[in-house]
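Shown here: start.cif, mmCIF, C-alpha atoms and all ligand atoms.
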data_entry
loop_
_atom_site.label_atom_id
_atom_site.label_comp_id
_atom_site.auth_asym_id
_atom_site.auth_seq_id
_atom_site.Cartn_x
_atom_site.Cartn_y
_atom_site.Cartn_z
CA MET A 1 0.00 0.00 0.00
CA GLN A 2 1.08 3.59 -0.52
CA THR A 3 1.57 6.11 2.28
CA GLN A 4 3.33 9.39 3.04
CA ALA A 5 6.64 9.20 4.87
CA ALA A 6 9.29 11.67 6.05
CA VAL A 7 12.16 10.31 3.95
CA LEU A 8 15.75 11.20 4.71
CA ASN A 9 17.52 11.24 1.36
CA GLN A 10 20.99 12.20 2.57
CA PRO A 11 22.86 12.69 5.87
CA ASN A 12 21.52 15.59 7.97
CA GLY A 13 18.37 15.84 5.96
CA PRO A 14 16.14 17.66 5.49
CA PHE A 15 13.31 15.15 5.80
CA ASP A 16 11.23 15.11 2.59
CA ILE A 17 7.55 14.16 2.70
CA GLN A 18 7.26 11.61 -0.09
CA THR A 19 5.00 8.76 -1.18
CA VAL A 20 6.41 5.31 -0.42
CA GLU A 21 5.15 1.75 -0.71
CA ILE A 22 4.74 -0.28 2.51
CA ALA A 23 4.81 -4.08 2.20
CA ASP A 24 2.23 -6.47 3.57
CA PRO A 25 3.32 -7.94 6.95
CA LEU A 26 5.14 -11.28 6.75
CA ALA A 27 4.85 -13.98 9.41
CA GLY A 28 5.29 -12.44 12.87
CA GLU A 29 5.07 -8.86 11.56
CA ILE A 30 2.44 -6.28 12.45
CA ARG A 31 1.50 -3.33 10.22
CA VAL A 32 0.42 -0.30 12.22
CA ALA A 33 -1.33 2.85 10.99
CA VAL A 34 0.84 5.40 12.79
CA LYS A 35 -1.14 8.18 14.52
CA ALA A 36 1.61 9.83 16.59
CA VAL A 37 5.40 9.55 16.79
CA GLY A 38 7.85 11.34 19.06
CA ILE A 39 11.16 12.71 17.82
CA CYS A 40 14.05 11.39 19.93
CA HIS A 41 17.66 12.56 19.99
CA THR A 42 18.77 9.21 18.53
CA ASP A 43 16.79 9.95 15.34
CA LEU A 44 18.97 13.01 14.85
CA VAL A 45 22.25 11.22 15.64
CA VAL A 46 21.43 8.51 13.10
CA ALA A 47 20.17 11.11 10.61
CA SER A 48 23.66 12.63 10.64
CA GLY A 49 24.97 9.43 9.07
CA ALA A 50 27.18 8.73 12.09
CA MET A 51 25.82 5.21 12.53
CA GLY A 52 26.43 4.11 8.96
CA LEU A 53 22.79 3.93 7.86
CA GLN A 54 22.15 3.61 4.10
CA PHE A 55 20.12 6.41 2.53
CA PRO A 56 17.33 6.97 1.62
CA ALA A 57 15.88 5.94 4.96
CA VAL A 58 12.78 6.30 7.12
CA LEU A 59 13.54 6.85 10.81
CA GLY A 60 11.16 7.33 13.79
CA HIS A 61 11.11 5.09 16.87
CA GLU A 62 8.49 6.43 19.29
CA GLY A 63 5.48 5.39 17.24
CA ALA A 64 1.91 4.82 18.38
CA GLY A 65 -1.10 3.89 16.29
CA ILE A 66 -3.73 1.35 15.33
CA VAL A 67 -3.01 -2.16 14.07
CA ASP A 68 -3.89 -2.35 10.40
CA ALA A 69 -2.88 -5.92 9.47
CA VAL A 70 -1.02 -8.82 11.07
CA GLY A 71 1.14 -11.53 9.53
CA ALA A 72 0.80 -15.27 10.13
CA GLY A 73 1.24 -16.43 13.70
CA VAL A 74 0.62 -13.07 15.39
CA THR A 75 -1.60 -13.57 18.44
CA SER A 76 -0.87 -10.64 20.80
CA VAL A 77 -2.74 -7.99 18.77
CA LYS A 78 -5.40 -7.83 16.06
CA PRO A 79 -6.48 -5.19 13.52
CA GLY A 80 -8.15 -2.24 15.26
CA ASP A 81 -6.09 -2.50 18.46
CA LYS A 82 -4.44 0.69 19.73
CA VAL A 83 -0.72 0.10 20.28
CA LEU A 84 2.54 1.71 21.36
CA LEU A 85 5.74 0.79 19.53
CA THR A 86 9.12 0.43 21.20
CA PHE A 87 12.58 -1.00 20.46
CA ASN A 88 12.92 -4.51 19.06
CA SER A 89 14.94 -7.51 20.28
CA CYS A 90 15.49 -11.14 19.28
CA GLY A 91 13.86 -12.85 22.27
CA GLN A 92 16.31 -15.76 22.03
CA CYS A 93 19.71 -14.65 23.32
CA LYS A 94 20.92 -14.68 26.94
CA PRO A 95 20.12 -11.01 27.77
CA CYS A 96 16.65 -11.40 26.18
CA SER A 97 15.95 -14.58 28.14
CA HIS A 98 17.03 -12.69 31.30
CA HIS A 99 14.43 -9.96 30.58
CA GLU A 100 17.13 -7.48 29.53
CA PRO A 101 16.20 -6.99 25.85
CA ALA A 102 17.82 -3.53 25.72
CA TYR A 103 21.13 -5.44 25.81
CA CYS A 104 20.02 -8.03 23.21
CA ASN A 105 23.08 -9.59 21.57
CA HIS A 106 21.42 -8.81 18.24
CA PHE A 107 20.27 -5.27 19.06
CA VAL A 108 21.92 -3.74 15.96
CA PRO A 109 20.41 -6.04 13.29
CA TYR A 110 17.02 -5.87 15.01
CA ASN A 111 16.98 -2.06 15.36
CA MET A 112 19.63 -0.31 13.31
CA VAL A 113 20.12 -2.22 10.04
CA GLY A 114 17.52 -1.07 7.53
CA VAL A 115 16.66 -4.43 5.98
CA ARG A 116 15.13 -7.77 6.97
CA ILE A 117 17.47 -10.66 7.76
CA ASP A 118 16.86 -11.87 4.15
CA GLY A 119 17.92 -8.47 2.77
CA SER A 120 14.45 -7.31 1.68
CA THR A 121 12.96 -4.01 2.87
CA ARG A 122 9.45 -3.28 4.06
CA ILE A 123 9.54 0.14 2.40
CA THR A 124 10.23 0.96 -1.25
CA ARG A 125 10.00 4.12 -3.33
CA ASP A 126 9.40 3.81 -7.08
CA GLY A 127 10.45 0.18 -6.74
CA ALA A 128 13.80 0.98 -5.06
CA ALA A 129 14.66 -0.09 -1.50
CA VAL A 130 14.40 2.44 1.35
CA SER A 131 16.18 1.66 4.66
CA ASP A 132 13.53 0.75 7.20
CA ASN A 133 13.08 -1.25 10.43
CA PHE A 134 14.60 1.57 12.51
CA PHE A 135 14.07 0.33 16.08
CA GLY A 136 11.84 -2.30 14.49
CA GLN A 137 9.36 0.33 13.26
CA SER A 138 10.51 3.34 11.10
CA SER A 139 7.44 5.25 12.22
CA PHE A 140 7.96 8.67 10.56
CA ALA A 141 5.36 7.39 8.09
CA GLY A 142 1.64 6.72 7.75
CA TYR A 143 2.26 3.00 8.26
CA ALA A 144 5.02 1.09 10.04
CA ILE A 145 5.84 -2.60 10.19
CA SER A 146 6.81 -3.92 13.59
CA ASN A 147 6.89 -7.19 15.48
CA GLU A 148 5.24 -8.86 18.46
CA ARG A 149 8.21 -8.13 20.74
CA ASN A 150 8.01 -4.37 20.19
CA VAL A 151 4.26 -3.76 20.05
CA LEU A 152 2.21 -3.18 23.20
CA LYS A 153 -1.61 -3.13 23.12
CA VAL A 154 -3.06 -0.22 25.11
CA ASP A 155 -6.60 0.71 26.16
CA ASP A 156 -9.03 1.95 23.51
CA ASP A 157 -9.23 5.34 25.26
CA ALA A 158 -5.43 5.82 25.44
CA ASP A 159 -4.23 9.21 24.14
CA LEU A 160 -1.59 8.15 21.62
CA ALA A 161 -0.29 11.72 21.10
CA VAL A 162 0.61 11.84 24.80
CA LEU A 163 1.84 8.26 25.25
CA ALA A 164 3.95 7.82 22.07
CA PRO A 165 7.24 9.03 23.67
CA LEU A 166 6.98 6.34 26.37
CA GLY A 167 8.43 3.91 23.81
CA CYS A 168 11.94 5.39 24.04
CA GLY A 169 12.73 8.71 25.74
CA ILE A 170 10.42 8.44 28.73
CA GLN A 171 11.18 4.80 29.54
CA THR A 172 14.88 5.60 29.17
CA GLY A 173 14.84 8.37 31.80
CA ALA A 174 12.37 6.86 34.24
CA GLY A 175 13.87 3.39 33.82
CA ALA A 176 17.41 4.62 34.48
CA VAL A 177 16.31 5.65 37.98
CA LEU A 178 13.64 3.04 38.74
CA ARG A 179 15.25 -0.01 37.11
CA SER A 180 18.95 0.50 36.29
CA LEU A 181 19.92 2.28 39.54
CA ALA A 182 16.98 0.81 41.52
CA ALA A 183 16.36 4.04 43.46
CA LYS A 184 15.04 3.56 46.98
CA ALA A 185 12.85 5.86 49.06
CA GLY A 186 14.90 8.42 50.94
CA GLU A 187 17.89 8.32 48.57
CA THR A 188 19.37 11.41 46.94
CA LEU A 189 19.50 11.85 43.17
CA VAL A 190 21.30 14.23 40.80
CA VAL A 191 20.06 14.43 37.20
CA ILE A 192 22.32 16.13 34.65
CA GLY A 193 20.29 17.62 31.79
CA ALA A 194 16.56 18.42 31.90
CA GLY A 195 15.41 17.47 28.41
CA ALA A 196 12.74 14.81 27.96
CA VAL A 197 14.98 12.02 29.27
CA GLY A 198 16.28 14.06 32.23
CA LEU A 199 12.81 15.25 33.22
CA SER A 200 11.66 11.62 33.05
CA ALA A 201 14.53 10.69 35.38
CA VAL A 202 13.38 13.44 37.76
CA MET A 203 9.82 12.05 37.71
CA GLY A 204 11.23 8.54 38.24
CA GLY A 205 13.07 9.82 41.31
CA LYS A 206 9.88 11.31 42.67
CA ILE A 207 7.97 8.07 42.03
CA ALA A 208 10.72 6.17 43.91
CA GLY A 209 10.37 8.56 46.86
CA CYS A 210 13.83 10.11 46.62
CA ALA A 211 14.33 12.64 49.42
CA THR A 212 16.41 15.08 47.38
CA ILE A 213 16.36 15.45 43.59
CA ILE A 214 18.81 17.94 42.07
CA ALA A 215 18.54 18.90 38.39
CA ILE A 216 21.61 20.39 36.68
CA GLU A 217 20.53 22.28 33.57
CA PRO A 218 21.70 25.49 31.84
CA GLN A 219 18.28 26.59 30.46
CA GLU A 220 16.17 28.48 32.99
CA GLY A 221 12.82 27.28 31.59
CA ARG A 222 13.89 23.67 31.88
CA ARG A 223 15.13 24.17 35.45
CA ALA A 224 11.69 25.58 36.34
CA LEU A 225 10.01 22.58 34.71
CA ALA A 226 12.29 20.17 36.61
CA LEU A 227 11.24 21.85 39.88
CA GLU A 228 7.59 21.58 38.87
CA LEU A 229 7.96 17.88 38.06
CA GLY A 230 9.63 16.83 41.31
CA ALA A 231 13.15 18.23 41.59
CA THR A 232 13.79 19.75 45.01
CA HIS A 233 16.70 21.85 43.72
CA ALA A 234 17.93 23.09 40.33
CA ILE A 235 21.48 24.18 39.54
CA ASP A 236 22.70 26.29 36.61
CA PRO A 237 26.04 24.69 35.62
CA ASN A 238 27.21 28.03 34.22
CA ALA A 239 26.71 29.80 37.54
CA GLY A 240 29.81 28.51 39.32
CA ASP A 241 31.32 25.39 40.92
CA VAL A 242 28.79 22.62 40.23
CA VAL A 243 30.31 20.08 42.65
CA ALA A 244 30.30 22.66 45.45
CA ALA A 245 26.68 23.50 44.63
CA VAL A 246 25.67 19.82 44.84
CA ARG A 247 27.61 19.31 48.09
CA GLY A 248 26.03 22.46 49.45
CA ILE A 249 22.71 20.57 49.22
CA VAL A 250 23.89 17.02 50.02
CA ALA A 251 27.07 17.37 52.07
CA ASP A 252 28.01 13.67 51.87
CA GLY A 253 27.33 13.53 48.13
CA ALA A 254 24.42 12.03 46.22
CA ASP A 255 23.48 8.35 46.23
CA MET A 256 22.85 8.48 42.47
CA VAL A 257 23.85 10.64 39.51
CA VAL A 258 22.12 10.09 36.17
CA ASP A 259 23.67 11.85 33.19
CA THR A 260 21.30 12.51 30.30
CA SER A 261 23.41 15.21 28.65
CA GLY A 262 26.46 13.39 27.29
CA TYR A 263 28.21 16.73 27.87
CA MET A 264 31.57 15.49 29.13
CA PRO A 265 32.82 18.64 30.96
CA VAL A 266 29.91 18.23 33.40
CA VAL A 267 29.74 14.41 33.29
CA ALA A 268 33.40 14.32 34.40
CA LEU A 269 32.39 16.11 37.61
CA SER A 270 29.92 13.35 38.55
CA VAL A 271 32.68 11.25 40.14
CA ASN A 272 33.06 13.99 42.76
CA MET A 273 29.33 14.35 43.35
CA ILE A 274 28.54 10.88 44.67
CA ALA A 275 28.37 9.60 48.24
CA ASN A 276 30.02 6.44 49.57
CA ARG A 277 28.50 3.46 47.68
CA GLY A 278 27.09 5.97 45.21
CA ARG A 279 26.29 4.97 41.65
CA ILE A 280 26.48 6.84 38.39
CA GLY A 281 24.27 5.98 35.41
CA LEU A 282 25.39 7.07 31.94
CA VAL A 283 22.45 7.59 29.60
CA GLY A 284 23.38 10.60 27.43
CA VAL A 285 25.48 9.64 24.41
CA PRO A 286 28.48 11.99 23.97
CA GLY A 287 29.10 13.56 20.58
CA SER A 288 32.37 11.64 20.17
CA LEU A 289 32.97 7.89 20.17
CA ASP A 290 36.29 8.67 21.90
CA ALA A 291 34.71 10.30 24.99
CA VAL A 292 36.26 9.02 28.24
CA LEU A 293 35.17 9.35 31.88
CA PRO A 294 38.33 9.37 34.07
CA ILE A 295 37.88 7.50 37.37
CA PRO A 296 40.22 8.32 40.30
CA VAL A 297 40.93 4.71 41.23
CA VAL A 298 41.96 5.07 44.88
CA GLN A 299 39.03 7.37 45.62
CA TRP A 300 36.75 4.99 43.74
CA ILE A 301 37.86 1.94 45.74
CA THR A 302 37.57 3.90 48.98
CA ILE A 303 33.98 4.96 48.38
CA GLY A 304 32.85 1.75 46.66
CA GLY A 305 31.60 3.65 43.64
CA THR A 306 29.75 2.26 40.62
CA VAL A 307 29.50 3.56 37.07
CA ARG A 308 27.25 1.84 34.61
CA GLY A 309 26.05 2.45 31.07
CA ILE A 310 22.31 2.35 30.44
CA ILE A 311 20.28 1.62 27.30
CA GLU A 312 16.50 2.26 27.27
CA GLY A 313 16.42 2.37 31.08
CA ASP A 314 17.03 -1.41 31.23
CA SER A 315 13.43 -1.66 30.12
CA ASP A 316 11.67 -4.94 29.48
CA PRO A 317 9.10 -2.88 27.57
CA LEU A 318 6.09 -5.19 27.55
CA VAL A 319 6.36 -5.22 31.37
CA PHE A 320 7.66 -1.71 32.10
CA LEU A 321 5.53 0.31 29.65
CA PRO A 322 2.26 -0.80 31.35
CA GLU A 323 3.77 0.36 34.68
CA LEU A 324 4.57 3.75 33.15
CA ILE A 325 1.08 4.05 31.65
CA ALA A 326 -0.36 3.40 35.13
CA HIS A 327 1.92 6.10 36.58
CA HIS A 328 0.72 8.51 33.87
CA LYS A 329 -2.93 7.69 34.58
CA ALA A 330 -2.34 8.40 38.27
CA GLY A 331 -0.75 11.78 37.50
CA ARG A 332 2.77 10.76 38.45
CA LEU A 333 4.23 11.03 34.92
CA PRO A 334 2.71 14.17 33.36
CA ILE A 335 4.71 14.03 30.13
CA GLU A 336 2.17 16.27 28.35
CA LYS A 337 3.72 19.16 30.34
CA PHE A 338 6.76 19.10 28.11
CA SER A 339 5.52 17.73 24.79
CA LYS A 340 4.38 19.75 21.81
CA THR A 341 2.54 18.41 18.77
CA TYR A 342 3.27 19.06 15.09
CA ARG A 343 1.98 17.55 11.84
CA LEU A 344 4.25 15.02 10.09
CA ASP A 345 4.95 17.57 7.34
CA GLN A 346 6.27 19.99 10.00
CA ILE A 347 9.06 17.56 10.99
CA ASN A 348 11.91 19.88 9.96
CA GLU A 349 10.34 22.78 11.90
CA ALA A 350 9.90 20.53 14.96
CA ILE A 351 13.57 19.54 14.87
CA ASP A 352 14.57 23.19 14.48
CA ASP A 353 12.40 24.14 17.48
CA ALA A 354 14.05 21.40 19.56
CA HIS A 355 17.52 22.66 18.59
CA HIS A 356 16.58 26.18 19.63
CA GLY A 357 15.06 25.19 22.96
CA LYS A 358 11.51 26.06 21.83
CA CYS A 359 10.26 22.55 22.52
CA ILE A 360 11.43 19.68 24.71
CA LYS A 361 9.59 16.69 23.23
CA ALA A 362 8.14 17.08 19.74
CA VAL A 363 5.40 14.63 18.79
CA LEU A 364 4.32 14.38 15.14
CA LEU A 365 0.65 13.67 14.44
CA ILE A 366 -0.50 11.77 11.35
CA ASP A 367 -4.13 11.87 10.12
ZN ZN A 401 18.18 -10.95 22.09
ZN ZN A 402 15.13 7.17 21.37
#

Mind turning this structure into structure tokens?
Amino acid sequence: MQTQAAVLNQPNGPFDIQTVEIADPLAGEIRVAVKAVGICHTDLVVASGAMGLQFPAVLGHEGAGIVDAVGAGVTSVKPGDKVLLTFNSCGQCKPCSHHEPAYCNHFVPYNMVGVRIDGSTRITRDGAAVSDNFFGQSSFAGYAISNERNVLKVDDDADLAVLAPLGCGIQTGAGAVLRSLAAKAGETLVVIGAGAVGLSAVMGGKIAGCATIIAIEPQEGRRALALELGATHAIDPNAGDVVAAVRGIVADGADMVVDTSGYMPVVALSVNMIANRGRIGLVGVPGSLDAVLPIPVVQWITIGGTVRGIIEGDSDPLVFLPELIAHHKAGRLPIEKFSKTYRLDQINEAIDDAHHGKCIKAVLLID
């Protein structure tokens, strides 16, 4: 069938709205009429060509919509079901069988390589292949083909424009605190960066019952939003000594630091922000593959510190996304406070707004 898609024809775009052909779903595949899709930072990193994607390509990995058709053997959803899309995984390897699909041994072929295992694509344009299957969906399009492991059925009254970003950015931030670092009530938390992922980490800290939540963020509007969403303190990193500011609030250091910025001059300071037995979670991807976090070894041994990398908040999405939806329903995850909607054909404007701090989480709507 034909549909409109935001096609990236060369590195760094722009995205062109063009007509493409979407295949019928094969066995195990699910075709979804996309109604809303968030724009995530990873879309822009991959759009730069840094990850080696072949162009033309269709990106988009925070899709939400209505099941249009299912391939043979699909039992978890049926046409007409409202669904959220998330990242894909193989379901067979050791991390997958340990409910850690974000660390699937086959994460790249299942999420980042724009063809099926047999080399075919689900999207073509004028008969020529278009890279697809981005995070098992490529949802910057009227229709997306996904799989049972990355499709979650939601209630018929679910607001897809609000919930779409749960599939990546929100579960990444909230999961980093709730799952990866397993925050406990009464602990202290520092979150570096108050974009969509950082604000989700702040809300995760509040849900966990953290006693002190400190947001470090240069933009004043985002600091105010962090305070509104659960941060007890907000620090402007350009206003002076950041470590002294943190220790002025938590004298012994913080139990947890979550970096969502990937901005190494501030990330490097995190090793001096944590308390004894403190743990640092690295979520934000630095601009350079060569970025290094220096650890003072003697100090590190003395305090029993931990640093760990985090993908997708260690989410097991078919389990964790329903928990996040319940938190949203109960008012504990008000993501609509920082999302802004655009039409699919405004995708370039939405990205420009995000770059200029005019929007935190852009969500594209498709009729
Ligand atoms: Zn796997
Ligand atoms: Zn993402």

Distance query region 280-291 of chain A at most 10 Å, all atoms listed in the file, self and fewer than 5 positions along chain excluded, as a VMD selection string: chain A and resid 41 to 42 45 50 172 to 173 176 to 177 180 to 181 189 to 193 197 to 198 254 to 264 267 270 to 271 273 to 274 305 to 313

Chain A residues near ligand ZN 402 (chain A) within 6 Å, closest pair each, using only C-alpha atoms and all ligand atoms, as a tab-separated table:
residue	atom	partner	partner_atom	distance
A:Cys40	CA	A:ZN402	ZN	4.6
A:Thr42	CA	A:ZN402	ZN	5.0
A:Cys168	CA	A:ZN402	ZN	4.5
A:Gly169	CA	A:ZN402	ZN	5.2

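Atom pair CA of Gln4 (chain A) / CA of Arg122 (chain A): separated by 14.1 Å.
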
Once 6 Å is added on each side, what centre and edge lengths in Å to one decimal does the axis-aligned box around all listed atoms of region 254-260 of chain A have, as AutoDock Vina command-line options?
--center_x 22.9 --center_y 10.4 --center_z 38.3 --size_x 15.1 --size_y 16.2 --size_z 27.9

Interatomic distance, CA of Lys35 (chain A) to CA of Gly331 (chain A) (Å, one decimal): 23.3 Å

Residues within 9 Å of region 242-247 of chain A, all atoms listed in the file, excluding chain neighbours under 2 positions, as a PyMOL selection string: chain A and resi 190+214+216+235-240+249-254+266+269-270+272-273

Given 9 Å and only C-alpha atoms and all ligand atoms, residues near ligand ZN 401 (chain A) as an NGL selection string: :A and (88-97 or 100-107 or 110)
